Number of protein chains: 2
Amino acid sequence: MHSLSEENYLKAIYSQTKEGVSKITPTSIAEELRNNPASVIDMLKKLSDKKLLSYDKVKGAKLTEKGNKIAVEIVRKHRLWEVFLLEKLGYSWGEVHDIAEQLEHIRHEDLADRLDKFLGYPTYDPHGDPIPDKNGKLPATKWLPLSEIAIGKKVKVVNVDDNSPDFLKYLDRQEIGLNSIITIREIQNFDKSLLVELKGKKEVYLSPEASKKIFVE
Amino acid sequence: MHSLSEENYLKAIYSQTKEGVSKITPTSIAEELRNNPASVIDMLKKLSDKKLLSYDKVKGAKLTEKGNKIAVEIVRKHRLWEVFLLEKLGYSWGEVHDIAEQLEHIRHEDLADRLDKFLGYPTYDPHGDPIPDKNGKLPATKWLPLSEIAIGKKVKVVNVDDNSPDFLKYLDRQEIGLNSIITIREIQNFDKSLLVELKGKKEVYLSPEASKKIFVE
DNA sequence: TAATTTTATTAGGCATGCCTAATTTTAATT
DNA sequence: AATTAAAATTAGGCATGCCTAATAAAATTA
Ligand SMILES: [Mn+2]
Ligand SMILES: [Mn+2]
Ligand SMILES: [Mn+2]
Ligand SMILES: [Mn+2]
């Protein structure tokens, strides 16, 4: 079996792969896990011995099928637990991620499937991330960062790229959430801040950083 | 903060205290945790330094108020999660304990309280063990082992003392569960096996070991 | 009480998963 | 191409939580 730590490495590599990082290096992993490249190299060696990934100075790290399967299972559990925490326990979308970081490592044969059923087979988590199904299949996701939408367009928020309590509380205060309908009113010349209209509500400014983290369709 | 391992020690000492073990020794703890007395002594030293317990060759180990509080919180989470697994996810009472062993260590400020609310403030877990409330208070429990009940008496099963899948599956096959109504029909002379009648069902034999693990009122 | 058995304790080790401080490679600049 | 900067790797350590083997203390039994 694999340890909690090993699972977090696999998940980090999985997520960088999904993000399209072209070469997954000790440095990039260390940044994500907030630890040290030297520690990462130790672990890459171990996971490589276990055939969960390949590592090559030139090509970087890449999950094997076996490693990918484990990573997908953890991601599935993580996102299902987030749905549980939000829908059943009433946590906010800014609180669920940290708790799910712990819950994702709970191990039991059909726990994920039972949870999935109990929750009604949700397809997206509270941040709009797709939930792998029983077989690891992901629902389609086609979305664009708000920062690339033209003036006048009306769009719907379907994903946020930053699950930190900080950022999500910022959005809460702006009254922006998943499924918010947004129309771009102005793009400030001096810094690319956006002035957006929230359907039926108010107009708010979004920093360029924020608008890169909000995905819409 | 305390580690998962530390939490398990505190819980073990708590549970021996509740069982009325008069002197909680390195050996008794090691047996419960299935590890080595030498390891236990290391940990007793650490927990003692942290003021979570006192340890004395003569008096054995004893939780401080602080240590007791932590132990109660873990027991609370353990039992609440067991209720969740049984009632919401449809696990059997023989399966929930092992999963709850993992879930009890999930840490978040008001997780237990939210779970408690979600479950409708249950007072007993699937094995009949009392669930501490928000303030650590336990509901009353007055019950006797089935082995001490006289012939002819009709009693209700309210607790089982062994949460292992093995034993609980044995009870399942005998169709005995919490709230089963049982009448003692015979006590075998040669080994104290019981012949009991299950209300409206059938008569079954219970081994003396089993009858000591079934508590009734 | 003396011998025996059980329990507690100490000493020394090991695996895991981190770290820092070199050192070596590789990449980027000048 | 030479210099400089960044990234990868190696070496050596450390805390945690275990272990076994050896020793000391306590409890039992004879
Ligand atoms: Mn998350
Ligand atoms: Mn994690
Ligand atoms: Mn249990
Ligand atoms: Mn536990």
# chains A, B, ... in the order shown; residues from 1 in each chain; ligands from 1
$ residues_around --residues "A:Ser207" --least-positions-apart "6" --cutoff "8 Å" --atoms "only C-alpha atoms (C1' of nucleotides)" --output "PyMOL selection string"
chain A and resi 192-194
$ write_last_selection --atoms "C-alpha atoms" --output "PDB file, in the first residue's frame"
ATOM      1  CA  LYS A 192      -6.667  45.211 -17.096  1.00  0.00           C
ATOM      2  CA  SER A 193      -9.029  45.246 -14.135  1.00  0.00           C
ATOM      3  CA  LEU A 194     -12.536  44.315 -15.183  1.00  0.00           C
TER       4      LEU A 194
END
$ residues_around --residues "stretch 35-39 of chain A" --least-positions-apart "4" --cutoff "9 Å" --atoms "only C-alpha atoms (C1' of nucleotides)" --output "list in words"
Thr25, Pro26, Thr27, Ser28, Ile29, Ala30, Glu31, Met43 and Leu44 of chain A; DG17, DC18 and DC19 of chain C; DA8 and DT9 of chain D
$ closest_residue --among "B:His108, B:Lys51, B:Lys57, B:Lys202" --to "chain C" --atoms "only C-alpha atoms (C1' of nucleotides)"
B:Lys57
$ residues_around --residues "B:Ile99" --least-positions-apart "4" --cutoff "10 Å" --atoms "only C-alpha atoms (C1' of nucleotides)" --output "VMD selection string"
(chain A and resid 106 to 108 111) or (chain B and resid 78 81 to 82 85 95 103 to 104)
$ write_last_selection --atoms "all heavy atoms" --output "short mmCIF file (atom, residue, chain, number, x, y, z; two decimals), in the first residue's frame"
data_model
loop_
_atom_site.label_atom_id
_atom_site.label_comp_id
_atom_site.auth_asym_id
_atom_site.auth_seq_id
_atom_site.Cartn_x
_atom_site.Cartn_y
_atom_site.Cartn_z
N ILE A 106 -8.79 8.65 3.36
CA ILE A 106 -9.51 7.56 4.03
C ILE A 106 -9.66 6.43 3.04
O ILE A 106 -10.06 6.61 1.90
CB ILE A 106 -10.91 8.03 4.50
CG1 ILE A 106 -10.80 9.23 5.41
CG2 ILE A 106 -11.64 6.85 5.19
CD1 ILE A 106 -10.16 8.96 6.74
N ARG A 107 -9.32 5.26 3.52
CA ARG A 107 -9.19 4.11 2.64
C ARG A 107 -10.24 3.07 3.01
O ARG A 107 -10.30 2.58 4.11
CB ARG A 107 -7.82 3.50 2.92
CG ARG A 107 -7.03 3.03 1.78
CD ARG A 107 -5.80 2.38 2.36
NE ARG A 107 -4.83 3.36 2.84
CZ ARG A 107 -3.91 3.88 2.05
NH1 ARG A 107 -3.82 3.54 0.80
NH2 ARG A 107 -3.06 4.75 2.56
N HIS A 108 -11.07 2.73 2.08
CA HIS A 108 -11.94 1.57 2.25
C HIS A 108 -12.56 1.21 0.92
O HIS A 108 -12.99 2.08 0.17
CB HIS A 108 -13.03 1.81 3.28
CG HIS A 108 -13.74 0.54 3.65
ND1 HIS A 108 -14.93 0.16 3.09
CD2 HIS A 108 -13.38 -0.44 4.51
CE1 HIS A 108 -15.29 -1.01 3.61
NE2 HIS A 108 -14.37 -1.39 4.46
N LEU A 111 -15.84 2.86 -0.35
CA LEU A 111 -16.28 4.10 0.29
C LEU A 111 -16.65 5.16 -0.74
O LEU A 111 -17.70 5.81 -0.64
CB LEU A 111 -15.17 4.62 1.21
CG LEU A 111 -15.47 5.89 1.98
CD1 LEU A 111 -16.71 5.74 2.84
CD2 LEU A 111 -14.28 6.27 2.87
N HIS B 78 -15.37 9.30 16.45
CA HIS B 78 -15.43 7.89 16.05
C HIS B 78 -16.88 7.41 15.98
O HIS B 78 -17.31 6.83 14.98
CB HIS B 78 -14.62 7.05 17.03
CG HIS B 78 -14.59 5.59 16.71
ND1 HIS B 78 -13.53 4.98 16.10
CD2 HIS B 78 -15.50 4.60 16.91
CE1 HIS B 78 -13.78 3.69 15.93
NE2 HIS B 78 -14.98 3.43 16.41
N TRP B 81 -19.08 9.18 13.29
CA TRP B 81 -18.78 8.67 11.95
C TRP B 81 -19.37 7.28 11.75
O TRP B 81 -19.84 6.94 10.66
CB TRP B 81 -17.27 8.66 11.69
CG TRP B 81 -16.70 9.99 11.31
CD1 TRP B 81 -15.77 10.72 12.01
CD2 TRP B 81 -16.98 10.76 10.12
NE1 TRP B 81 -15.48 11.89 11.34
CE2 TRP B 81 -16.19 11.94 10.19
CE3 TRP B 81 -17.82 10.58 9.02
CZ2 TRP B 81 -16.22 12.93 9.18
CZ3 TRP B 81 -17.85 11.56 8.02
CH2 TRP B 81 -17.07 12.71 8.11
N GLU B 82 -19.35 6.46 12.82
CA GLU B 82 -19.96 5.14 12.68
C GLU B 82 -21.44 5.25 12.36
O GLU B 82 -21.96 4.51 11.50
CB GLU B 82 -19.75 4.32 13.96
CG GLU B 82 -18.34 3.77 14.10
CD GLU B 82 -18.20 2.76 15.26
OE1 GLU B 82 -19.12 2.69 16.10
OE2 GLU B 82 -17.16 2.08 15.31
N LEU B 85 -21.75 6.23 8.73
CA LEU B 85 -21.45 5.14 7.79
C LEU B 85 -22.61 4.15 7.72
O LEU B 85 -22.95 3.65 6.65
CB LEU B 85 -20.16 4.43 8.22
CG LEU B 85 -18.90 5.29 8.08
CD1 LEU B 85 -17.73 4.64 8.83
CD2 LEU B 85 -18.53 5.50 6.61
N GLU B 95 -18.85 -3.38 9.66
CA GLU B 95 -17.88 -2.71 8.78
C GLU B 95 -17.46 -1.33 9.27
O GLU B 95 -16.41 -0.82 8.89
CB GLU B 95 -18.47 -2.56 7.36
CG GLU B 95 -18.74 -3.88 6.66
CD GLU B 95 -19.53 -3.71 5.37
OE1 GLU B 95 -20.66 -3.16 5.42
OE2 GLU B 95 -19.03 -4.13 4.31
N LEU B 103 -11.49 7.81 10.23
CA LEU B 103 -12.22 9.09 10.21
C LEU B 103 -12.11 9.86 11.53
O LEU B 103 -12.15 11.10 11.53
CB LEU B 103 -13.69 8.83 9.88
CG LEU B 103 -13.98 8.50 8.42
CD1 LEU B 103 -15.37 7.88 8.27
CD2 LEU B 103 -13.87 9.75 7.54
N GLU B 104 -11.96 9.14 12.63
CA GLU B 104 -11.90 9.81 13.94
C GLU B 104 -10.76 10.81 14.03
O GLU B 104 -10.76 11.68 14.89
CB GLU B 104 -11.77 8.77 15.06
CG GLU B 104 -10.40 8.12 15.09
CD GLU B 104 -10.31 6.92 16.03
OE1 GLU B 104 -11.33 6.54 16.59
OE2 GLU B 104 -9.20 6.39 16.17
#
$ residues_around --residues "A:Leu63" --least-positions-apart "3" --cutoff "7 Å" --atoms "only C-alpha atoms (C1' of nucleotides)" --output "list in words"
Leu52, Leu53, Ser54, Gly67 and Asn68 of chain A
$ write_last_selection --atoms "N, CA, C and O atoms" --output "JSON list (two decimals), in the first residue's frame"
[["chain", "number", "residue", "atom", "x", "y", "z"],
["A", 52, "LEU", "N", 5.10, 3.53, -10.00],
["A", 52, "LEU", "CA", 3.94, 4.41, -10.03],
["A", 52, "LEU", "C", 4.19, 5.62, -10.92],
["A", 52, "LEU", "O", 3.27, 6.34, -11.29],
["A", 53, "LEU", "N", 5.47, 5.84, -11.24],
["A", 53, "LEU", "CA", 5.81, 6.90, -12.17],
["A", 53, "LEU", "C", 7.17, 6.63, -12.78],
["A", 53, "LEU", "O", 7.92, 5.78, -12.32],
["A", 54, "SER", "N", 7.46, 7.40, -13.85],
["A", 54, "SER", "CA", 8.81, 7.37, -14.38],
["A", 54, "SER", "C", 9.40, 8.76, -14.17],
["A", 54, "SER", "O", 8.69, 9.76, -14.22],
["A", 67, "GLY", "N", 0.03, 4.49, -11.43],
["A", 67, "GLY", "CA", 0.10, 5.69, -10.61],
["A", 67, "GLY", "C", -1.06, 6.63, -10.90],
["A", 67, "GLY", "O", -1.63, 7.25, -10.00],
["A", 68, "ASN", "N", -1.41, 6.71, -12.17],
["A", 68, "ASN", "CA", -2.52, 7.56, -12.56],
["A", 68, "ASN", "C", -3.82, 7.09, -11.93],
["A", 68, "ASN", "O", -4.62, 7.90, -11.45]]
$ residues_near_ligand --ligand "ligand 2" --cutoff "9 Å" --atoms "only C-alpha atoms (C1' of nucleotides) and all ligand atoms" --output "list in words"
Leu4, Ser5, Glu7, Asn8, Tyr9, Lys11, Ile74, His78, Asp98, Ala100, Glu101, Gln102, Leu103, Glu104 and His105 of chain A
$ residues_around --residues "D:DA26" --least-positions-apart "4" --cutoff "9 Å" --atoms "only C-alpha atoms (C1' of nucleotides)" --output "compact mmCIF listing (two decimals) with C-alpha atoms (C1' of nucleotides), in the first residue's frame"
# COMPACT_ATOMS: atom_id res chain seq x y z
C1' DT C 6 6.47 -11.71 34.33
C1' DT C 7 6.80 -6.81 33.67
C1' DA C 8 9.22 -2.51 33.08
$ atom_distance --atom1 "atom CA of A:Ser3" --atom2 "atom CA of A:Lys50"
12.2 Å
$ residues_around --residues "B:Pro130" --least-positions-apart "2" --cutoff "8 Å" --atoms "only C-alpha atoms (C1' of nucleotides)" --output "list of chain:residue names"
B:Thr123, B:Tyr124, B:Asp125, B:Gly128, B:Pro132, B:Leu138, B:Pro139, B:Ala140, B:Thr141
$ residues_around --residues "C:DA15" --least-positions-apart "5" --cutoff "12 Å" --atoms "only C-alpha atoms (C1' of nucleotides)" --output "PyMOL selection string"
chain D and resi 16-19
$ select_by_dssp --residues "chain A" --states "strand (DSSP E or B)" --output "count of residues only"
38
$ select_by_dssp --residues "stretch 9-181 of chain B" --states "helix (DSSP H, G or I)" --output "ChimeraX atom specification"
/B:9-19,26-33,37-49,65-87,96-103,111-118,146-148,165-174
$ closest_residue --among "B:Val196, B:Ile214, B:Ile41, B:Val204" --to "chain D" --atoms "only C-alpha atoms (C1' of nucleotides)"
B:Ile41
$ closest_residue --among "B:Ile24, B:Met1, B:Val58, B:Ile184" --to "chain D" --atoms "only C-alpha atoms (C1' of nucleotides)"
B:Val58
$ atom_distance --atom1 "atom CA of A:Glu32" --atom2 "atom CA of A:Tyr170"
22.3 Å
